[in-house]
Each structure stands twice: as structure tokens, then as C-alpha cells.
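Pasting protein-v8.txt here (compact mmCIF, C-alpha atoms):
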```
# COMPACT_ATOMS: atom_id res chain seq x y z
CA MET A 1 -164.76 47.00 163.55
CA GLN A 2 -162.84 47.53 160.31
CA VAL A 3 -164.58 46.23 157.19
CA SER A 4 -162.42 43.99 155.00
CA ASN A 5 -161.88 44.77 151.31
CA ALA A 6 -163.85 41.67 150.37
CA GLU A 7 -166.81 42.69 152.53
CA HIS A 8 -166.69 46.23 151.16
CA ALA A 9 -166.67 44.93 147.58
CA LYS A 10 -169.57 42.61 148.38
CA LYS A 11 -171.56 45.51 149.82
CA ARG A 12 -170.87 47.69 146.78
CA PHE A 13 -171.94 44.86 144.49
CA ALA A 14 -175.20 44.47 146.40
CA GLU A 15 -175.85 48.23 146.21
CA LYS A 16 -175.14 48.25 142.48
CA LYS A 17 -177.39 45.25 141.94
CA GLU A 18 -180.19 46.98 143.82
CA THR A 19 -179.80 50.13 141.72
CA ASN A 20 -179.82 48.04 138.55
CA LEU A 21 -183.03 46.37 139.69
CA GLN A 22 -184.53 49.82 140.24
CA SER A 23 -183.52 50.79 136.70
CA LEU A 24 -184.97 47.58 135.33
CA SER A 25 -188.20 48.20 137.26
CA LEU A 26 -188.89 51.01 134.81
CA LYS A 27 -190.87 49.75 131.85
CA VAL A 28 -189.72 50.51 128.33
CA HIS A 29 -192.90 52.47 127.61
CA ASP A 30 -192.27 54.57 130.77
CA VAL A 31 -188.78 55.45 129.58
CA ARG A 32 -190.03 56.29 126.09
CA GLU A 33 -192.76 58.52 127.55
CA ILE A 34 -190.19 60.43 129.64
CA VAL A 35 -187.99 61.03 126.62
CA GLN A 36 -190.94 62.00 124.38
CA LYS A 37 -191.93 64.70 126.88
CA TRP A 38 -188.33 65.95 127.00
CA ILE A 39 -188.21 66.14 123.20
CA ALA A 40 -191.52 68.04 123.03
CA THR A 41 -190.21 70.57 125.54
CA ASN A 42 -186.74 71.09 124.10
CA LEU A 43 -186.88 70.50 120.33
CA PRO A 44 -189.16 72.58 118.09
CA ASN A 45 -189.02 70.07 115.23
CA GLU A 46 -189.73 66.99 117.34
CA SER A 47 -191.98 65.47 114.68
CA ALA A 48 -188.86 64.63 112.65
CA LEU A 49 -187.58 62.34 115.40
CA SER A 50 -188.38 58.83 116.51
CA LEU A 51 -186.97 56.83 119.40
CA GLY A 52 -184.70 53.86 118.97
CA LEU A 53 -184.71 50.84 121.27
CA PRO A 54 -184.06 51.87 124.92
CA GLU A 55 -181.40 49.78 126.64
CA VAL A 56 -180.16 49.54 130.23
CA ASP A 57 -176.52 50.55 130.72
CA ASP A 58 -175.31 48.43 133.66
CA ARG A 59 -172.13 50.43 134.08
CA TYR A 60 -173.93 53.65 134.96
CA ASP A 61 -177.29 52.31 136.17
CA LEU A 62 -179.42 54.16 133.65
CA TRP A 63 -181.40 53.81 130.45
CA ARG A 64 -179.95 54.97 127.13
CA VAL A 65 -182.49 55.98 124.50
CA PRO A 66 -181.30 56.55 120.88
CA LEU A 67 -182.74 59.45 118.86
CA VAL A 68 -183.29 58.58 115.20
CA ILE A 69 -184.43 60.51 112.12
CA LYS A 70 -188.07 59.47 111.55
CA ASN A 71 -188.20 59.30 107.73
CA GLY A 72 -186.90 55.75 107.61
CA ALA A 73 -183.31 56.59 106.79
CA GLY A 74 -182.34 55.04 110.11
CA ILE A 75 -179.71 57.62 111.03
CA LEU A 76 -178.78 57.93 114.70
CA ILE A 77 -178.31 61.58 115.66
CA GLY A 78 -178.05 61.46 119.47
CA GLU A 79 -179.30 59.92 122.68
CA VAL A 80 -180.96 60.71 126.02
CA LYS A 81 -180.09 59.05 129.33
CA VAL A 82 -182.70 58.37 132.04
CA ASN A 83 -181.92 57.17 135.57
CA HIS A 84 -184.04 54.97 137.85
CA LEU A 85 -185.59 58.09 139.41
CA LYS A 86 -187.13 58.92 136.01
CA GLN A 87 -184.79 61.89 135.57
CA ILE A 88 -183.03 62.99 132.37
CA VAL A 89 -179.41 62.93 133.51
CA ASP A 90 -177.64 63.50 130.19
CA HIS A 91 -178.39 64.10 126.52
CA THR A 92 -176.84 65.15 123.24
CA ASN A 93 -176.43 68.91 122.95
CA ILE A 94 -179.79 70.44 121.97
CA GLU A 95 -178.33 72.87 119.41
CA LEU A 96 -176.44 69.99 117.80
CA LEU A 97 -179.59 67.88 117.66
CA ALA A 98 -181.55 70.73 116.04
CA ALA A 99 -178.82 71.24 113.44
CA ARG A 100 -178.76 67.53 112.61
CA ILE A 101 -182.55 67.40 112.27
CA ASN A 102 -182.53 70.37 109.87
CA ARG A 103 -179.80 68.82 107.78
CA LEU A 104 -180.96 65.21 107.68
CA HIS A 105 -184.75 65.03 107.90
CA SER A 106 -185.22 65.60 104.15
CA ILE A 107 -182.86 62.89 102.89
CA GLU A 108 -184.19 59.91 100.97
CA PRO A 109 -185.45 57.09 103.19
CA LEU A 110 -184.00 53.61 102.97
CA PRO A 111 -185.87 51.18 100.71
CA LYS A 112 -188.18 48.81 102.54
CA LYS A 113 -186.71 45.44 103.35
CA HIS A 114 -188.13 42.54 101.42
CA LYS A 115 -189.21 39.44 103.25
CA VAL A 116 -186.65 36.67 102.92
CA GLY A 117 -187.00 32.94 103.19
CA ILE A 118 -184.86 30.33 104.86
CA PHE A 119 -181.14 30.60 104.15
CA CYS A 120 -179.70 27.55 102.38
CA PRO A 121 -175.98 27.34 101.56
CA THR A 122 -174.54 25.96 98.33
CA PRO A 123 -173.88 22.24 98.99
CA ILE A 124 -170.12 21.96 98.40
CA PRO A 125 -168.07 19.01 99.74
CA ASN A 126 -164.67 19.37 101.41
CA LYS A 127 -162.07 20.53 98.88
CA ILE A 128 -158.31 21.08 98.81
CA ILE A 129 -157.24 22.98 95.71
CA LEU A 130 -153.83 23.91 94.31
CA GLY A 131 -154.18 27.22 92.51
CA ASP A 132 -154.45 30.99 92.74
CA ALA A 133 -157.24 31.77 95.21
CA ALA A 134 -158.70 34.65 93.20
CA ALA A 135 -158.93 32.51 90.07
CA VAL A 136 -160.22 29.44 91.91
CA LEU A 137 -162.98 31.35 93.71
CA GLU A 138 -164.21 32.77 90.39
CA GLU A 139 -165.73 29.34 89.80
CA PHE A 140 -167.67 29.16 93.08
CA PRO A 141 -171.22 30.53 93.39
CA PRO A 142 -172.60 32.85 96.10
CA ASP A 143 -173.30 31.25 99.49
CA SER A 144 -170.44 28.80 99.06
CA ALA A 145 -168.73 29.77 102.32
CA GLN A 146 -170.12 30.81 105.70
CA LEU A 147 -166.82 31.69 107.39
CA MET A 148 -163.33 32.62 106.24
CA ILE A 149 -160.28 32.18 108.47
CA THR A 150 -156.94 33.06 106.96
CA SER A 151 -153.53 34.62 107.33
CA PRO A 152 -152.12 36.05 104.08
CA PRO A 153 -148.54 35.43 102.97
CA TYR A 154 -146.04 37.65 104.75
CA TYR A 155 -144.95 40.68 102.76
CA ASN A 156 -141.56 39.88 101.15
CA ALA A 157 -140.78 37.28 103.79
CA LYS A 158 -138.18 35.44 101.71
CA PRO A 159 -134.81 37.21 102.03
CA GLN A 160 -133.41 35.92 98.74
CA TYR A 161 -135.96 37.77 96.62
CA ALA A 162 -139.04 40.00 96.86
CA GLU A 163 -142.34 38.33 96.00
CA TYR A 164 -143.97 41.71 95.37
CA LEU A 165 -142.67 44.69 93.46
CA ASP A 166 -143.63 47.00 96.29
CA TYR A 167 -145.99 47.25 99.26
CA GLN A 168 -148.88 48.54 97.16
CA GLU A 169 -148.66 45.49 94.91
CA TYR A 170 -148.96 43.33 98.04
CA LEU A 171 -152.10 45.18 99.14
CA ASP A 172 -153.52 44.89 95.61
CA PHE A 173 -152.90 41.14 95.77
CA ILE A 174 -154.90 40.89 99.02
CA ARG A 175 -157.68 43.04 97.56
CA LYS A 176 -157.96 40.79 94.50
CA VAL A 177 -158.44 37.67 96.62
CA MET A 178 -160.75 39.28 99.17
CA ILE A 179 -163.07 40.59 96.45
CA ARG A 180 -163.67 36.98 95.47
CA VAL A 181 -164.07 35.93 99.11
CA HIS A 182 -166.74 38.60 99.49
CA ALA A 183 -168.56 37.24 96.44
CA VAL A 184 -168.75 33.65 97.72
CA LEU A 185 -169.40 34.44 101.40
CA SER A 186 -173.00 34.23 102.59
CA GLU A 187 -174.79 37.44 103.56
CA GLY A 188 -174.00 38.69 107.03
CA ARG A 189 -171.37 36.03 107.73
CA PHE A 190 -167.90 36.57 109.15
CA ILE A 191 -164.23 36.58 108.22
CA ALA A 192 -161.27 36.30 110.61
CA PHE A 193 -158.14 37.88 109.14
CA ASN A 194 -154.90 37.17 111.04
CA VAL A 195 -152.27 39.80 110.32
CA ALA A 196 -149.52 41.78 112.07
CA PRO A 197 -147.16 44.65 111.26
CA VAL A 198 -144.11 43.45 109.32
CA LEU A 199 -140.54 44.50 109.99
CA VAL A 200 -138.61 45.56 106.90
CA ARG A 201 -134.95 45.26 107.83
CA ARG A 202 -132.50 47.98 106.94
CA THR A 203 -130.36 47.37 103.86
CA SER A 204 -127.22 49.15 105.14
CA ARG A 205 -125.87 50.90 108.23
CA SER A 206 -126.94 54.24 106.76
CA THR A 207 -130.58 53.20 106.40
CA ALA A 208 -133.24 52.49 109.03
CA SER A 209 -135.52 49.52 109.45
CA LYS A 210 -139.25 50.15 109.55
CA ARG A 211 -142.47 48.36 110.39
CA LEU A 212 -145.28 48.36 107.88
CA PRO A 213 -148.73 48.88 109.49
CA ILE A 214 -150.32 46.05 107.52
CA PRO A 215 -153.37 45.55 109.82
CA PHE A 216 -154.43 49.16 109.39
CA ASP A 217 -153.92 49.17 105.62
CA VAL A 218 -155.75 45.83 105.32
CA HIS A 219 -158.67 47.40 107.22
CA ARG A 220 -159.07 50.02 104.49
CA VAL A 221 -158.93 47.31 101.83
CA LEU A 222 -161.57 45.15 103.50
CA GLU A 223 -163.88 48.06 104.27
CA SER A 224 -163.74 49.29 100.67
CA ILE A 225 -164.74 45.82 99.42
CA GLY A 226 -167.85 45.65 101.59
CA PHE A 227 -166.82 44.12 104.91
CA GLU A 228 -167.90 45.82 108.16
CA PHE A 229 -165.41 45.88 111.03
CA VAL A 230 -166.62 44.00 114.10
CA ASP A 231 -163.73 43.26 116.48
CA ASP A 232 -159.97 43.22 116.87
CA ILE A 233 -158.79 40.15 118.75
CA ILE A 234 -155.28 40.46 120.15
CA TRP A 235 -153.40 37.19 119.92
CA VAL A 236 -150.69 37.27 122.62
CA LYS A 237 -147.75 34.86 122.32
CA PRO A 238 -145.26 33.91 125.04
CA GLU A 239 -142.81 36.67 125.93
CA GLY A 240 -139.83 35.18 124.10
CA ALA A 241 -141.70 34.72 120.82
CA GLY A 242 -140.65 38.04 119.24
CA TRP A 243 -136.92 38.13 119.94
CA ASN A 244 -136.08 36.56 116.58
CA THR A 245 -136.92 39.90 114.93
CA GLY A 246 -133.94 41.53 116.65
CA ARG A 247 -136.17 44.44 117.58
CA GLY A 248 -135.27 46.05 120.89
CA ARG A 249 -131.68 44.79 121.14
CA ARG A 250 -130.14 48.19 120.50
CA PHE A 251 -132.13 49.77 123.32
CA ALA A 252 -131.38 46.84 125.63
CA ALA A 253 -127.66 47.53 125.10
CA ASP A 254 -127.42 51.30 125.66
CA ARG A 255 -130.89 52.44 126.94
CA GLN A 256 -130.84 55.70 124.97
CA PRO A 257 -134.16 57.57 124.63
CA LEU A 258 -135.70 57.58 121.13
CA GLN A 259 -134.20 54.15 120.45
CA TYR A 260 -136.83 52.26 122.44
CA LYS A 261 -138.59 49.60 120.39
CA PRO A 262 -140.69 46.93 122.12
CA VAL A 263 -140.39 43.30 121.12
CA PRO A 264 -143.62 42.34 119.27
CA VAL A 265 -145.42 39.38 120.84
CA THR A 266 -148.92 40.07 119.50
CA GLU A 267 -150.81 39.68 116.27
CA TYR A 268 -154.26 40.86 115.26
CA VAL A 269 -157.16 38.64 114.33
CA LEU A 270 -159.44 41.17 112.65
CA ILE A 271 -163.11 40.16 112.61
CA TYR A 272 -165.38 41.53 109.88
CA ARG A 273 -168.91 40.80 108.72
CA LYS A 274 -170.10 40.90 105.13
CA ALA A 275 -172.12 44.11 105.02
CA THR A 276 -175.87 43.67 105.24
CA ASP A 277 -178.92 45.49 106.56
CA LYS A 278 -179.94 42.37 108.48
CA LEU A 279 -179.13 41.81 112.13
CA ILE A 280 -177.06 38.84 113.25
CA ASP A 281 -180.25 37.28 114.63
CA TRP A 282 -181.42 36.88 111.03
CA ASN A 283 -178.54 34.48 110.33
CA ILE A 284 -179.63 32.46 113.35
CA ARG A 285 -183.41 32.45 112.89
CA ARG A 286 -183.32 31.92 109.11
CA HIS A 287 -180.76 29.13 109.16
CA TYR A 288 -181.98 26.06 107.27
CA ASP A 289 -180.93 23.60 110.01
CA GLN A 290 -182.13 24.73 113.42
CA GLN A 291 -180.84 21.51 114.97
CA ALA A 292 -177.32 22.46 113.85
CA VAL A 293 -177.84 25.90 115.38
CA LYS A 294 -178.74 24.31 118.73
CA GLN A 295 -175.79 21.92 118.58
CA SER A 296 -173.41 24.82 117.87
CA LYS A 297 -174.29 26.71 121.05
CA ILE A 298 -171.24 27.71 123.11
CA ASN A 299 -171.45 25.97 126.48
CA GLY A 300 -169.06 26.32 129.41
CA ASP A 301 -166.16 28.77 129.49
CA TYR A 302 -165.59 31.25 126.69
CA ASP A 303 -163.31 34.24 125.97
CA VAL A 304 -164.79 37.26 127.73
CA THR A 305 -162.19 39.75 126.44
CA ASN A 306 -160.50 40.28 123.10
CA VAL A 307 -157.06 39.30 124.47
CA TRP A 308 -156.27 35.65 123.72
CA ARG A 309 -153.06 34.14 125.12
CA ILE A 310 -152.14 31.22 122.87
CA PRO A 311 -148.68 29.76 122.10
CA PRO A 312 -147.78 29.76 118.38
CA GLY A 313 -148.23 26.61 116.32
CA HIS A 314 -145.47 24.49 114.83
CA HIS A 315 -145.25 22.33 111.72
CA LYS A 316 -142.16 20.63 110.31
CA ASN A 317 -143.12 21.58 106.74
CA HIS A 318 -144.47 25.09 107.20
CA PRO A 319 -142.78 28.12 108.85
CA ALA A 320 -145.93 29.88 110.11
CA VAL A 321 -148.99 27.85 111.01
CA PHE A 322 -152.11 28.64 112.95
CA PRO A 323 -152.15 27.13 116.44
CA ASP A 324 -154.99 24.63 116.73
CA GLU A 325 -156.49 26.44 119.73
CA LEU A 326 -156.79 29.74 117.84
CA VAL A 327 -158.64 28.11 114.96
CA LYS A 328 -160.90 26.15 117.31
CA ARG A 329 -162.09 29.31 119.01
CA LEU A 330 -162.72 31.13 115.74
CA VAL A 331 -164.63 28.22 114.21
CA ARG A 332 -166.78 27.76 117.32
CA TYR A 333 -167.54 31.48 117.80
CA TYR A 334 -168.29 32.37 114.18
CA SER A 335 -169.91 29.37 112.48
CA PHE A 336 -172.53 26.65 112.86
CA LYS A 337 -172.05 22.94 112.39
CA GLY A 338 -172.39 22.07 108.73
CA ASP A 339 -171.08 25.47 107.57
CA LEU A 340 -168.24 25.66 105.06
CA VAL A 341 -165.04 27.30 106.36
CA LEU A 342 -162.78 28.84 103.71
CA ASP A 343 -159.04 29.49 103.87
CA PRO A 344 -157.73 31.03 100.61
CA PHE A 345 -154.10 30.92 101.86
CA ALA A 346 -154.35 27.50 103.45
CA GLY A 347 -150.68 26.62 104.05
CA SER A 348 -150.53 23.40 106.05
CA GLY A 349 -154.33 23.08 106.19
CA THR A 350 -154.90 23.63 109.91
CA VAL A 351 -158.20 25.42 109.26
CA GLY A 352 -159.56 22.44 107.34
CA ARG A 353 -158.47 19.87 109.89
CA ILE A 354 -160.00 21.78 112.82
CA ALA A 355 -163.16 22.63 110.87
CA SER A 356 -163.69 18.94 110.18
CA GLU A 357 -163.10 18.01 113.83
CA LEU A 358 -165.81 20.50 114.81
CA GLY A 359 -168.37 19.24 112.31
CA ARG A 360 -167.87 21.86 109.61
CA ARG A 361 -166.93 21.51 105.93
CA PHE A 362 -163.84 23.17 104.46
CA LEU A 363 -162.45 24.73 101.30
CA LEU A 364 -158.65 25.07 101.34
CA ILE A 365 -156.72 26.84 98.58
CA ASP A 366 -152.99 27.41 98.21
CA ASN A 367 -150.84 28.27 95.21
CA ASP A 368 -147.67 26.54 96.48
CA PRO A 369 -147.41 22.88 95.38
CA ARG A 370 -145.31 22.06 98.45
CA TYR A 371 -148.09 23.05 100.82
CA TYR A 372 -150.67 21.33 98.65
CA ARG A 373 -148.73 18.09 99.13
CA VAL A 374 -148.47 18.76 102.86
CA MET A 375 -152.26 19.20 103.09
CA LYS A 376 -152.86 16.01 101.11
CA GLY A 377 -150.67 14.10 103.53
CA ASP A 378 -151.93 15.71 106.74
CA LEU A 379 -155.61 15.41 105.87
CA GLN A 380 -155.56 11.79 104.71
CA LEU A 381 -157.16 10.78 108.01
CA VAL A 382 -159.99 13.22 107.41
CA ALA A 383 -160.32 11.95 103.84
CA SER A 384 -160.65 8.39 105.12
CA MET A 385 -163.80 9.35 107.05
CA VAL A 386 -165.52 12.02 104.92
CA ARG A 387 -165.39 13.06 101.30
CA VAL A 388 -162.45 15.31 100.42
CA ASP A 389 -161.81 16.38 96.82
CA PHE A 390 -158.19 17.12 95.86
CA GLU A 391 -157.94 19.33 92.79
CA VAL A 392 -155.28 21.14 90.76
CA HIS A 393 -156.74 24.29 89.22
CA GLU A 394 -155.54 25.64 85.90
CA SER A 395 -153.84 28.47 87.80
CA GLY A 396 -151.95 25.92 89.91
CA LYS A 397 -149.86 24.48 87.09
CA VAL A 398 -146.17 24.79 87.90
CA ASN A 399 -142.97 24.51 85.89
CA ASN A 400 -140.70 21.47 86.03
CA ASN A 401 -138.15 23.23 88.24
CA SER A 402 -140.56 23.50 91.16
CA LYS A 403 -139.78 21.30 94.12
```

Do you think you could lay out the structure here as C-alpha cells?
Amino acid sequence: MQVSNAEHAKKRFAEKKETNLQSLSLKVHDVREIVQKWIATNLPNESALSLGLPEVDDRYDLWRVPLVIKNGAGILIGEVKVNHLKQIVDHTNIELLAARINRLHSIEPLPKKHKVGIFCPTPIPNKIILGDAAAVLEEFPPDSAQLMITSPPYYNAKPQYAEYLDYQEYLDFIRKVMIRVHAVLSEGRFIAFNVAPVLVRRTSRSTASKRLPIPFDVHRVLESIGFEFVDDIIWVKPEGAGWNTGRGRRFAADRQPLQYKPVPVTEYVLIYRKATDKLIDWNIRRHYDQQAVKQSKINGDYDVTNVWRIPPGHHKNHPAVFPDELVKRLVRYYSFKGDLVLDPFAGSGTVGRIASELGRRFLLIDNDPRYYRVMKGDLQLVASMVRVDFEVHESGKVNNNSK
């Protein structure tokens, strides 16, 4: 009798589960002993090595054991793989391991970690501030914010004039603000930076348009400041969302090779963590309010992959707003209740409104008086229930011609 695809898949799953159970039946100390014997047999300078934490790799039904320089520098130089039959099935090239040991074993060890107490954030109420974000954040102490969610102004988005002298000035502007964000963000906490390549239209028929790779240049900026890259979430919009750029129309008309340009319907949400030697668990275990940690647990469905399909948001007084659903996911995944969520380019204030709905505090900053007024109007309901301070910073003073 022919076996159906469903039955075949079920059988394969059962076989894989059984193999995984066999792998798990090996104790950690058994795996470590196997690898220690392999090291003693194959590496003459084995005393310079220590073993990292063995972990089961479900995809390949085996244990993966990291090899680390022993002097405390914490440098990973290779790994050994052990299957459920207690066999070494793969490993980093022995000659390469020996060369790395010779080169690295004499480097200075990392300083010992000091014991730390309970983390307590700076108690700041909800604030909406008109002013330059870099200048405003100069006045906030460390541990003010526990999460940043933002999307910077588009590069030269206004066709009537250029806001920035050139692209480098735009990147310098982002760097200036993000240096201050880094200073006020708590250790080991996250930022979510929404950005996408920008199309610079051609100025004449004899010139070409081009797309600036802003996400990749922003990565270099953030990394140089002291943020560690964690994830790239791909925000996918409905198929028709990108046609307003005009990209792809030429190819659609004549279908000539080399002229193909896809219509962009995605943006990046780049996730970074403020660099620290502490594991994420530290932020959980050392949190001052363990009840808030329990209440913030993600129950039910969640996003398994980094591809999020969410329609864009709309606001009558702002051309580019975060969709509520995008902000909700970011706030839930990367903060605890009671945390302060910062948006240094706040626009219409979506981040603050959603943060408040989810039991977080917010700090919203924007240098455009029009958007400041929009936020004051849109967040009046929030202000009627919890404290919200509305402030105009010295850097937010505008001339009399501003609308």
C-alpha cells in the first residue's frame, strides 16, 4: 500500500524525535569527556584550551562543543561535534586550531566581572518635548530609557529643498543623536531602528537615479557608537505599497535586461543591544520589579521568523507613521512593563501612545513644532489618565514664520 505524504512526514518526524532523544540521553559531562580525550590526542598544546557550554543542535541531531582559549580572554577558536553514538563527526581543522592557540594563548585576559546589584532605572515620567534630540538628551542621566524605537527623518525627502548638505551630513546627524541615545539607554537594553534604502531621483534625462543603502551605512554608525547587532526584521508591506516611487515602470514597459528594478515593499527594523559583557538573562534576573517581569511574559502566538507582514500606518497630519501593530510587537518583545520607551524622532507620537497602552512610560522628542502640536492633541487622552509633561526645550525655539 502506498504511504501518503502526510504519513511519511509523520514517520520522519518520529524518527528525528527519537534520534534527538538519543542525543539528549548523553549527559553534558559525557560529551565534555569525549571532546577532552579528542583534544588530548590531536592537539599538543591542549592545556591552553577550555570547553565552552555544549549544546544540542536539533537540525543535525548532534552536540556542538565550543573550544575557547583558557586564559580568560573568552575567545572562541573552534568547535567539535559529537553525535548520539559518542562519535566525533566534525571539528575545526586541527592545523588551524593549533595556529590559533599559538597566536592567542598569550594575550591579556579579560578583567574579572564585578558583582552587580539590582538594576533600578531613573524614575522619569512620560514626557513630550519639542527640541533637538541630541541637545535634549544631554540633560537626561544614564538609565533613563530601557528601549528606543524610532525611524529617522528621510534623507532629503522634501523636494523643494535639501535638509542636508550631502549624505555624509545626514549620517553625521544620525550619529550625533544616537551617541546621546547610547548614553541614556540602560546597559544591555535594546534599540529598534526602522530604516530603508532611499531613492534619489535623477535630476535630468542624462543622469541616473540611485538608491542610497542607508540601512547598511547606519549599521556602521551604530556599531561604532557601541551598539551590537542582534537582528534584522523585514517589514513587508502590501504589494502595491511601493509603486509611488516609480521604480520598475521602465522595465515593465520594455522588459530590457539590465533595466530590471524591483518595486520596494520592505523596510528594515534593525535590532541592536547596547554593548555589555552581561548576558540577556542578567537584565531579567536583576530587574528591580520581578512582578513586572512576570506580567511582561509573551503568551500565545508570537513572530517565529524575522519577516513581519504589516500594512503601513496612516495619519492625517503626518506623511510617514509607524503602524500600531509594528510598535506593539517591538514594545512587547523588547521591554518590560514600567520601562521607559524613547523615540528621538517621534513624529505623530505613535510610540508613546502604544507604550502607554502596554503599561510602559515614554519619552517623545521632535524638533518640528507641527508634530509637537499633533502629539499634544493625539495624546490628550493618555494625559487625562497618567502624568504627561509637555516641554519646549531651548533648542526647540522657532522663528515667527513657522507654521

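Using all atoms listed in the file for every distance, the candidate list A:Phe140, A:Glu187, A:Arg175, A:Leu326 yields A:Arg175 as the residue closest to Glu223 of chain A.
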
Name the residues in contact with Gln290 of chain A at a cut-off of 12 Å, using only C-alpha atoms, excluding same-chain residues fewer than 4 positions from it; report them as a PyMOL selection string.
chain A and resi 118-120+283-286+294-297+336-338

Spatial neighbours of segment 370-374 of chain A, max dist 7 Å, all atoms listed in the file, sep filter under 5 positions, as a PyMOL selection string
chain A and resi 130+347-348

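For the choices A:Val351, A:Ile128, A:Ile101, A:Val56, the atom-to-atom distance to Leu364 of chain A is smallest for A:Ile128 when using all atoms listed in the file.
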
Please provide as a PDB file with C-alpha atoms, in the frame of the given file all residues within 9 Å of Arg353 of chain A, with the sequence filter that same-chain residues fewer than 4 positions apart are discarded (counting only C-alpha atoms).
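This is the output file around_16.pdb:
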```
ATOM      1  CA  GLY A 349    -154.330  23.080 106.190  1.00  0.00           C
ATOM      2  CA  GLU A 357    -163.100  18.010 113.830  1.00  0.00           C
ATOM      3  CA  LEU A 358    -165.810  20.500 114.810  1.00  0.00           C
ATOM      4  CA  PHE A 362    -163.840  23.170 104.460  1.00  0.00           C
ATOM      5  CA  ASP A 378    -151.930  15.710 106.740  1.00  0.00           C
ATOM      6  CA  LEU A 379    -155.610  15.410 105.870  1.00  0.00           C
ATOM      7  CA  VAL A 382    -159.990  13.220 107.410  1.00  0.00           C
TER       8      VAL A 382
END
```

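Atom CA of Pro311 of chain A is found 5.2 Å from atom CA of Lys237 of chain A.
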
Find the residue from A:Ala99, A:Val265, A:Ala355, A:Ala252 that sits nearest to Asp339 of chain A; use only C-alpha atoms when measuring.
A:Ala355

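The gap separating atom CA of Pro312 of chain A from atom CA of Gly300 of chain A is 24.2 Å, in Å to one decimal.
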
Just want the 8 Å neighbourhood of Arg32 of chain A, counted on only C-alpha atoms, with same-chain residues fewer than 3 positions away dropped. Output as a list in words.
Val28, His29, Val35, Gln36, Leu51, Pro54 and Val65 of chain A

Using 3 Å of padding on each side, determine the axis-aligned box around all atoms of segment 130-147 of chain A present in the file and give its centre and edge lengths in Å to one decimal, as AutoDock Vina command-line options.
```
--center_x -163.6 --center_y 29.3 --center_z 98.6 --size_x 25.5 --size_y 16.7 --size_z 23.6
```

Arg100 of chain A: which residues within 12 Å, counting only C-alpha atoms, same-chain residues fewer than 2 positions away excluded, as a VMD selection string?
chain A and resid 43 45 to 46 48 to 49 67 to 69 75 to 78 92 to 98 102 to 107

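We find atom CA of Val200 of chain A and atom CA of Tyr164 of chain A to be spaced 13.3 Å apart.
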